[in-house]
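Pasted below: entry.cif, mmCIF, C-alpha atoms.
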data_data
#
loop_
_atom_site.label_atom_id
_atom_site.label_comp_id
_atom_site.auth_asym_id
_atom_site.auth_seq_id
_atom_site.Cartn_x
_atom_site.Cartn_y
_atom_site.Cartn_z
CA MET A 1 167.92 131.14 104.72
CA LYS A 2 166.10 134.29 103.66
CA PRO A 3 163.78 135.86 106.23
CA LEU A 4 160.12 134.97 105.72
CA THR A 5 156.91 136.71 106.68
CA GLU A 6 153.94 135.01 108.29
CA GLN A 7 152.06 135.19 104.98
CA GLN A 8 154.96 133.56 103.10
CA LEU A 9 155.14 130.79 105.73
CA ARG A 10 151.44 130.01 105.53
CA ALA A 11 151.48 129.98 101.71
CA ALA A 12 154.42 127.52 101.63
CA PHE A 13 152.67 124.53 103.25
CA VAL A 14 152.44 121.56 100.89
CA ASN A 15 150.94 118.82 103.07
CA CYS A 16 147.93 120.47 104.67
CA THR A 17 144.89 122.37 103.48
CA LYS A 18 144.88 126.15 103.07
CA GLY A 19 142.46 126.33 106.01
CA GLU A 20 144.81 124.31 108.22
CA ALA A 21 147.73 126.50 107.16
CA ARG A 22 145.69 129.61 108.00
CA ARG A 23 144.89 128.29 111.51
CA LEU A 24 148.30 126.94 112.53
CA SER A 25 150.38 128.72 115.14
CA VAL A 26 153.24 130.74 113.60
CA PRO A 27 156.13 132.04 115.76
CA ARG A 28 155.61 135.66 116.78
CA ASP A 29 159.35 136.36 116.82
CA LEU A 30 160.05 135.87 113.10
CA ALA A 31 162.00 139.14 112.88
CA GLU A 32 164.34 138.03 115.69
CA ARG A 33 165.15 134.58 114.28
CA PRO A 34 168.84 134.02 113.34
CA TRP A 35 167.98 133.70 109.62
CA ASP A 36 171.60 133.78 108.45
CA ASP A 37 172.34 130.69 110.58
CA LEU A 38 169.24 128.69 109.61
CA ASP A 39 169.12 125.94 107.03
CA TYR A 40 165.42 125.65 107.79
CA LEU A 41 162.95 127.22 110.19
CA GLY A 42 161.40 124.74 112.59
CA TRP A 43 159.09 125.21 115.57
CA ARG A 44 156.72 123.36 117.88
CA ASP A 45 153.15 124.56 118.38
CA PRO A 46 152.86 125.89 121.96
CA GLN A 47 149.11 125.09 122.05
CA ALA A 48 149.56 121.56 120.69
CA PRO A 49 152.93 120.04 121.67
CA ASP A 50 152.48 117.11 119.26
CA ARG A 51 152.45 119.51 116.29
CA ALA A 52 155.60 120.82 114.69
CA TYR A 53 156.37 122.73 111.53
CA LEU A 54 159.37 122.92 109.24
CA VAL A 55 160.02 125.44 106.46
CA ALA A 56 162.95 124.94 104.10
CA GLU A 57 164.17 127.01 101.20
CA LEU A 58 164.61 124.64 98.27
CA ASP A 59 165.29 125.75 94.70
CA GLY A 60 164.86 129.36 95.79
CA ARG A 61 161.37 128.99 97.24
CA PRO A 62 160.02 128.10 100.68
CA VAL A 63 158.48 124.66 101.20
CA ALA A 64 156.71 124.07 104.50
CA LEU A 65 155.67 120.81 106.16
CA ALA A 66 153.21 120.17 108.96
CA LEU A 67 154.56 117.43 111.26
CA ARG A 68 153.27 115.30 114.10
CA ALA A 69 155.78 114.68 116.85
CA SER A 70 155.82 111.52 118.90
CA ALA A 71 155.45 111.83 122.63
CA GLY A 72 158.80 110.99 124.17
CA ALA A 73 158.92 108.02 126.46
CA VAL A 74 158.72 109.00 130.11
CA GLY A 75 162.08 108.65 131.80
CA GLN A 76 163.83 107.93 128.51
CA ALA A 77 167.53 108.52 129.06
CA ARG A 78 169.10 106.70 126.15
CA ARG A 79 170.86 108.69 123.48
CA SER A 80 169.32 109.04 120.04
CA MET A 81 170.67 110.65 116.88
CA CYS A 82 168.89 113.17 114.69
CA SER A 83 168.75 111.90 111.11
CA MET A 84 169.03 115.45 109.78
CA CYS A 85 172.07 116.94 111.55
CA LEU A 86 173.52 113.83 113.25
CA THR A 87 173.46 115.41 116.72
CA THR A 88 172.89 112.95 119.56
CA HIS A 89 170.62 113.82 122.47
CA SER A 90 169.47 112.14 125.66
CA GLY A 91 165.72 112.28 125.10
CA GLY A 92 166.00 115.26 122.70
CA VAL A 93 165.16 113.42 119.48
CA ALA A 94 161.56 112.81 118.40
CA LEU A 95 159.94 110.88 115.59
CA MET A 96 158.42 113.53 113.34
CA VAL A 97 155.82 112.30 110.87
CA ALA A 98 154.58 114.29 107.88
CA SER A 99 151.56 113.40 105.79
CA LYS A 100 152.61 113.08 102.17
CA ALA A 101 151.58 115.92 99.89
CA GLY A 102 148.69 115.52 97.46
CA ARG A 103 146.60 112.41 96.87
CA ALA A 104 149.02 110.12 98.73
CA GLY A 105 148.55 112.18 101.88
CA GLN A 106 144.78 112.20 101.44
CA GLN A 107 144.97 108.41 101.37
CA GLY A 108 146.78 108.45 104.73
CA ASN A 109 150.36 107.91 103.57
CA SER A 110 153.09 109.55 105.61
CA VAL A 111 156.84 109.80 106.01
CA GLY A 112 158.75 109.92 109.28
CA ALA A 113 162.22 110.85 110.46
CA TYR A 114 163.97 111.17 113.80
CA LEU A 115 164.74 114.87 114.27
CA CYS A 116 165.99 117.15 117.02
CA ALA A 117 162.87 117.63 119.14
CA ASP A 118 163.37 121.41 119.19
CA LEU A 119 164.04 121.48 115.42
CA ALA A 120 167.23 123.47 115.98
CA CYS A 121 169.52 121.35 113.79
CA SER A 122 171.08 124.41 112.14
CA LEU A 123 172.17 125.79 115.50
CA TYR A 124 173.58 122.45 116.71
CA VAL A 125 175.62 121.99 113.51
CA ARG A 126 177.09 125.48 113.84
CA GLY A 127 177.84 125.06 117.56
CA LEU A 128 175.42 127.88 118.47
CA ARG A 129 173.34 125.57 120.67
CA ASP A 130 174.77 122.90 122.93
CA ALA A 131 173.13 119.49 123.23
CA GLY A 132 175.50 118.41 125.99
CA ILE A 133 178.62 116.30 126.30
CA GLY A 134 179.06 113.85 123.43
CA ALA A 135 176.30 115.42 121.34
CA ARG A 136 178.50 116.07 118.35
CA LEU A 137 180.70 113.28 117.08
CA HIS A 138 184.27 114.24 116.25
CA GLU A 139 184.48 114.59 112.49
CA THR A 140 187.24 115.72 110.19
CA ILE A 141 184.93 117.42 107.70
CA THR A 142 184.56 121.20 107.64
CA LEU A 143 181.63 123.18 108.97
CA GLU A 144 180.54 123.90 105.39
CA GLU A 145 180.49 120.16 104.66
CA LYS A 146 178.42 119.51 107.81
CA ILE A 147 175.98 122.21 106.75
CA ARG A 148 175.81 120.78 103.22
CA ARG A 149 175.13 117.30 104.65
CA THR A 150 172.31 118.67 106.83
CA VAL A 151 170.77 120.50 103.86
CA THR A 152 171.05 117.35 101.73
CA ASN A 153 169.32 115.28 104.44
CA LEU A 154 166.64 117.97 104.74
CA ALA A 155 166.06 118.04 100.97
CA ALA A 156 165.78 114.23 100.90
CA PHE A 157 163.13 114.30 103.67
CA VAL A 158 161.14 117.03 101.90
CA ALA A 159 161.38 115.08 98.62
CA LYS A 160 159.92 111.99 100.31
CA VAL A 161 156.98 114.08 101.52
CA THR A 162 156.37 115.89 98.25
CA GLY A 163 157.23 113.05 95.86
#
Encoded form (structure tokens):
Amino acid sequence: MKPLTEQQLRAAFVNCTKGEARRLSVPRDLAERPWDDLDYLGWRDPQAPDRAYLVAELDGRPVALALRASAGAVGQARRSMCSMCLTTHSGGVALMVASKAGRAGQQGNSVGAYLCADLACSLYVRGLRDAGIGARLHETITLEEKIRRTVTNLAAFVAKVTG
């Protein structure tokens, strides 16, 4: 993914108003992010833990989504799988819901997916972050194929929100 500035991030949001995009919390460490290893940039809002944001580069341009994250069940220890990168976590997967873009979103329609709660799918796929024992299923496909699958799943989720 190409590095993005705060202004580019804010301009890329498709499912919230310009005012909401202007007020949302953007990471202060954008320059230090591992851009070469990211299929998308994702972060949680430190002031509002139920808010999360995802920015993907699709067709050469950034597309950003505002998400609402479910509160994890207290004491939840069962393993869940991220629908984006297929990493399993014990309590580290959250239902992320995005209002649909445009009129559908204004009417209250939304799309949800179970994602890594820290939105670090790119790092899990590449083995740069460890989700614990048994987090990655043994697969015979290459790293490039795993990355391509994650990007395909990401593009499908964004298409559901924007379509």
Contact check, region 14-84 of chain A to region 93-100 of chain A, at most 12 Å, counting all atoms listed in the file, closest pairs as a Markdown table:
| residue | atom | partner | partner_atom | distance |
| --- | --- | --- | --- | --- |
| A:Val14 | CA | A:Lys100 | CA | 8.6 |
| A:Asn15 | CA | A:Lys100 | CA | 6.0 |
| A:Cys16 | CA | A:Ser99 | CA | 8.0 |
| A:Thr17 | CA | A:Ser99 | CA | 11.4 |
| A:Gly42 | CA | A:Met96 | CA | 11.6 |
| A:Trp43 | CA | A:Met96 | CA | 11.9 |
| A:Arg44 | CA | A:Met96 | CA | 11.0 |
| A:Pro49 | CA | A:Ala94 | CA | 11.7 |
| A:Asp50 | CA | A:Met96 | CA | 9.1 |
| A:Arg51 | CA | A:Met96 | CA | 9.0 |
| A:Ala52 | CA | A:Met96 | CA | 7.9 |
| A:Tyr53 | CA | A:Ala98 | CA | 9.4 |
| A:Leu54 | CA | A:Ala98 | CA | 10.0 |
| A:Ala64 | CA | A:Ala98 | CA | 10.6 |
| A:Leu65 | CA | A:Ala98 | CA | 6.8 |
| A:Ala66 | CA | A:Ala98 | CA | 6.1 |
| A:Leu67 | CA | A:Ala98 | CA | 4.6 |
| A:Arg68 | CA | A:Val97 | CA | 5.1 |
| A:Ala69 | CA | A:Met96 | CA | 4.5 |
| A:Ser70 | CA | A:Leu95 | CA | 5.3 |
| A:Ala71 | CA | A:Ala94 | CA | 7.5 |
| A:Gly72 | CA | A:Ala94 | CA | 6.7 |
| A:Ala73 | CA | A:Ala94 | CA | 9.7 |
| A:Gln76 | CA | A:Val93 | CA | 10.7 |
| A:Ala77 | CA | A:Val93 | CA | 11.0 |
| A:Arg78 | CA | A:Val93 | CA | 10.3 |
| A:Arg79 | CA | A:Val93 | CA | 8.4 |
| A:Ser80 | CA | A:Val93 | CA | 6.1 |
| A:Met81 | CA | A:Val93 | CA | 6.7 |
| A:Cys82 | CA | A:Val93 | CA | 6.1 |
| A:Ser83 | CA | A:Val93 | CA | 9.2 |
| A:Met84 | CA | A:Val93 | CA | 10.6 |
Q. Which residues fall under the PyMOL selection byres ((chain A and resi 150) around 12) in this file, as a ChimeraX atom specification?
A. /A:38-40,56,82-87,115,120-126,143-149,151-157
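This file, queried with the PyMOL selection byres ((chain A and resi 31) around 12), gives the residues Lys2, Pro3, Leu4, Thr5, Glu6, Pro27, Arg28, Asp29, Leu30, Glu32, Arg33, Pro34, Trp35 and Asp36 of chain A.
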Query raised in the report: What does the PyMOL selection byres ((chain A and resi 132-138) around 7) select in this file, as a PyMOL selection string?
Result: chain A and resi 87-89+130-131+139-140
(message) I need every residue sitting at most 12 Å from the point (146.6, 128.8, 112.5) (coordinates as in the file, only C-alpha atoms considered), written as a VMD selection string.
(response) chain A and resid 6 to 7 9 to 11 13 16 to 27 45 to 48 51 53 66
Name the residues within 10 Å of (165.0, 122.0, 95.2), counting all atoms listed in the file in the file's coordinates, and put them as a ChimeraX atom specification.
/A:56-63,155-156,158-159
Give, as lines of an AutoDock Vina configuration file, the centre coordinates and the x, y and z edge lengths in Å to one decimal for an axis-aligned box around all listed atoms of region 102-105 of chain A, padded by 8 Å on each side.
center_x = 147.8
center_y = 112.8
center_z = 99.4
size_x = 18.4
size_y = 21.4
size_z = 21.0
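Between Ala104 (chain A) and the residues A:Arg129, A:Ser90, A:Met1, A:Gly163, the shortest atom-to-atom distance, using only C-alpha atoms, involves A:Gly163.
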Students should find that CA of Leu119 (chain A) and CA of Gln8 (chain A) are spaced 19.5 Å
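Taking CA of Ala117 (chain A) and CA of Lys160 (chain A) as endpoints, the distance between them is 19.9 Å.
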The distance between CA of Gly105 (chain A) and CA of Gly92 (chain A) is 27.3 Å
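With distances taken over all atoms listed in the file, A:Cys116 is the one residue among A:Cys116, A:Arg103, A:Val55, A:Ser110 lying closest to Gly91 (chain A).
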